[in-house]
Amino acid sequence: MASVLRDYMARLDSDHPERALELLVPDFRFHLALPGREQTGWSKDDFAAYIAGRNAVERAHKILRHSTDGDLETVYGVVTESGKAVGSFLSAAVVTPDGQMARYQSYFTTTYDLIDLPE
């Protein structure tokens, strides 16, 4: 099975982050734990609103670890802005048999790294 989370993050980091929505089922649910706030949504439209409200910066998600167990995919990595590491994330998705994300949960922190970040 191809990695839906790798594809999702590549699209999110592109010049057209709204293309990430193509990877979601209509009744998509998500929970994002970000520094100082959390956001939960119950639909693809809720996630579209989240993407539209993100600040536009030169951001990249660099996946350092990846795992799949049945319909659950997990990734761990670092977020960079303008090439500088600003934090790390641990994300998981429930993936449908046709390769779409049904559920997504992500934790992003700027204060702790589970594994050493690459130089």
# chains A, B, ... in the order shown; residues from 1 in each chain; ligands from 1

$ residues_around --residues "region 27-39 of chain A" --least-positions-apart "5" --cutoff "7 Å" --atoms "only C-alpha atoms" --output "list in words"
Lys44, Ala102, Arg103, Tyr104, Gln105, Ser106, Tyr107, Phe108 and Thr109 of chain A

$ atom_distance --atom1 "CA of Arg19 (chain A)" --atom2 "CA of Val79 (chain A)"
19.3 Å

$ closest_residue --among "A:Ser14, A:Leu24, A:Asp71, A:Ser88" --to "Met101 (chain A)" --atoms "only C-alpha atoms"
A:Leu24

$ residues_around --residues "Val75 (chain A)" --least-positions-apart "5" --cutoff "10 Å" --atoms "only C-alpha atoms" --output "PyMOL selection string"
chain A and resi 3+5-6+62-68+89-93+106

$ closest_residue --among "A:Val86, A:Val25, A:Leu72, A:Val57" --to "Asp45 (chain A)" --atoms "only C-alpha atoms"
A:Val25

$ select_by_dssp --residues "region 6-95 of chain A" --states "strand (DSSP E or B)" --output "PyMOL selection string"
chain A and resi 24-34+37-41+59-69+72-81+84-95

$ closest_residue --among "A:Ala52, A:Ile115, A:Ala85, A:Val94" --to "Glu73 (chain A)" --atoms "only C-alpha atoms"
A:Val94

$ select_by_dssp --residues "region 11-107 of chain A" --states "alpha helix (DSSP H)" --output "JSON, numbers by chain"
{"A": [11, 12, 44, 45, 46, 47, 48, 49, 50, 51, 52]}

$ closest_residue --among "A:Thr111, A:Thr74, A:Gln100, A:His61" --to "Met9 (chain A)" --atoms "only C-alpha atoms"
A:His61

$ atom_distance --atom1 "CA of Gly53 (chain A)" --atom2 "CA of Pro17 (chain A)"
11.3 Å

$ closest_residue --among "A:Glu81, A:Val4, A:Leu114, A:Asp98" --to "Glu58 (chain A)" --atoms "only C-alpha atoms"
A:Glu81

$ closest_residue --among "A:Pro97, A:Asp116, A:Arg54, A:Leu21" --to "Tyr8 (chain A)" --atoms "only C-alpha atoms"
A:Leu21

$ atom_distance --atom1 "CA of Gly70 (chain A)" --atom2 "CA of Ile51 (chain A)"
27.7 Å
